[in-house]
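Participant: What follows is a structure written as structure tokens; I'll ask about it next.
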Amino acid sequence: MNPPFSVMANVGGRMADAAFRHVASALARLAPGGRLVTITGAGFAPDNRAWSAAFARLQERGRVVFSAAIDGSVYAKHGTTIPTRLTVIDKLPADDPTVFPASLGVAPDVATLIGWLAEHLPARLPVDPSAGVPNESTRVYRLQTDAGERIIGRKVSPASAANATTTGATALTPDEAFIALMDGRTILDLSEGLQLRRTRVMGANRIELSGFTDTMRERLTAYGLFHEIISWKLRMFVPVDANGPAVLARLLDRWPVERIGEREAA
């Protein structure tokens, strides 16, 4: 990442700790074991007494494994000669947050910097694959809010978003669950072995509930689900009209979501 050196969105004037705030925010969002690589002003360094305390706080969550200044002349052909710094932080708390890797000085050129990286940068830590961004789409979106804040990211399904931001019970509201199910890629596993997913019945998309028992049928019908006998089998469905979210609300209140799964859209 290349955070702004001294400005922040929606804040007037210059802020001396803008780079630190951006780095701290990025580190907080990084998966355990992940690696953060950042280019900042040369003065934003662990061995700079003005920033030592700030880096000590950072190292309570992630350890600095490499830091080297880069001579400003490296960027001369791009129209700037401001000295910068390459810092690498791994998302693993440091054994001693007040201890930093030795400074390697100032790299006069790219070749020197690459040589230092090859010699001094440790291997990456293992990362839990489930903590990564799902491979649903590789398209990158660049957005700007009405307030002027710029955002870059990828679009993921409601299921992935819920799994990434919660532990335990799902954060999906009935409306969000309805939209996610109708999208076709989300499967909701409920308590007591129930499951919701989108199915195709007689050329139409429906939200089907499976895993129910005979003793549940009366209550499910009272909640607003309806049933049909298809190929000599009784199947139950959530309405896909405007009543759907309300029916889902009653259903999920009684049988809460235990797991959010995904599949390819039907």
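Order determines the names: the first chain of the structure tokens is A, the second B, and so forth; residues in each chain are numbered 1 upward, and ligands are numbered 1 upward as they are shown.
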Go through region 181-225 of chain A residue by residue and, counting only C-alpha atoms, keep those with an atom at most 8 Å from region 234-245 of chain A; for each kept residue give the shortest atom pair and its distance in Å to one decimal, ordered by chain and increasing number, as CSV.
Facilitator:
```
residue,atom,partner,partner_atom,distance
A:Arg206,CA,A:Val240,CA,6.4
A:Ile207,CA,A:Val238,CA,5.4
A:Glu208,CA,A:Phe237,CA,4.4
A:Leu209,CA,A:Met236,CA,5.6
A:Ser210,CA,A:Met236,CA,7.2
A:Gly224,CA,A:Val238,CA,7.3
A:Leu225,CA,A:Val238,CA,4.9
```
Participant: So which residues touch Tyr75 (chain A) within 12 Å, counting only C-alpha atoms, skipping near sequence neighbours fewer than 6 positions away, as a count of residues only?
Facilitator: 7
Participant: Could you find all residues in region 12-120 of chain A that DSSP calls alpha helix (DSSP H) from the backbone, and write them as a PyMOL selection string?
Facilitator: chain A and resi 18-29+52-58+110-120
Participant: Can you pull out every residue within 8 Å of region 193-201 of chain A, counting only C-alpha atoms, but drop anything in the same chain fewer than 4 positions away, and send it as a PyMOL selection string?
Facilitator: chain A and resi 181-184+186-189+205-212+255+266
Participant: Calculated over only C-alpha atoms, which of the candidates A:Asn2, A:Tyr141, A:Leu92, A:Ser73 has the smallest distance to Arg124 (chain A)?
Facilitator: A:Leu92
Participant: Do a neighbour search on Glu60 (chain A) at 12 Å with only C-alpha atoms, toss out local chain neighbours closer than 3 positions, and write the hits as a PDB file with C-alpha atoms, in the first residue's frame.
Facilitator:
```pdb
ATOM      1  CA  ALA A  24      -2.670   0.783  11.460  1.00  0.00           C
ATOM      2  CA  LEU A  27      -2.972  -3.958   9.594  1.00  0.00           C
ATOM      3  CA  ALA A  28      -6.217  -4.289  11.549  1.00  0.00           C
ATOM      4  CA  ALA A  53       6.238   4.458  20.306  1.00  0.00           C
ATOM      5  CA  ALA A  54       3.792   4.251  17.391  1.00  0.00           C
ATOM      6  CA  PHE A  55       5.641   1.291  15.880  1.00  0.00           C
ATOM      7  CA  ALA A  56       5.712  -0.388  19.295  1.00  0.00           C
ATOM      8  CA  ARG A  57       1.909  -0.181  19.329  1.00  0.00           C
ATOM      9  CA  ARG A  63       5.913  -7.435  13.648  1.00  0.00           C
ATOM     10  CA  VAL A  64       8.091  -5.261  11.429  1.00  0.00           C
ATOM     11  CA  ILE A  89       4.924  -6.012   8.492  1.00  0.00           C
ATOM     12  CA  ASP A  90       3.741  -9.574   9.150  1.00  0.00           C
ATOM     13  CA  LYS A  91       0.455 -10.026  11.051  1.00  0.00           C
ATOM     14  CA  LEU A  92       1.936 -11.783  14.078  1.00  0.00           C
ATOM     15  CA  PRO A  93       2.487 -10.003  17.417  1.00  0.00           C
ATOM     16  CA  ALA A  94       6.158  -9.308  18.117  1.00  0.00           C
ATOM     17  CA  ASP A  95       7.815 -11.125  21.000  1.00  0.00           C
ATOM     18  CA  ASP A  96       8.961  -7.717  22.256  1.00  0.00           C
ATOM     19  CA  PRO A  97       7.066  -4.797  20.660  1.00  0.00           C
ATOM     20  CA  THR A  98       9.877  -2.376  21.532  1.00  0.00           C
ATOM     21  CA  VAL A  99      12.522  -4.261  19.530  1.00  0.00           C
TER      22      VAL A  99
END
```
Participant: Please report the interatomic distance between CA of Trp116 (chain A) and CA of Val37 (chain A) in Å with one decimal.
Facilitator: 14.7 Å
Participant: So which one's closest to Ser191 (chain A), A:Ala123, A:Ala249, A:Val88, A:Val257? Using only C-alpha atoms, please.
Facilitator: A:Val257
Participant: I'd like to know which of A:Arg21, A:His120, A:Arg139, A:Arg29 is closest to Ala68 (chain A), using only C-alpha atoms.
Facilitator: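 Of all the options, A:His120 lies closest to Ala68 (chain A).
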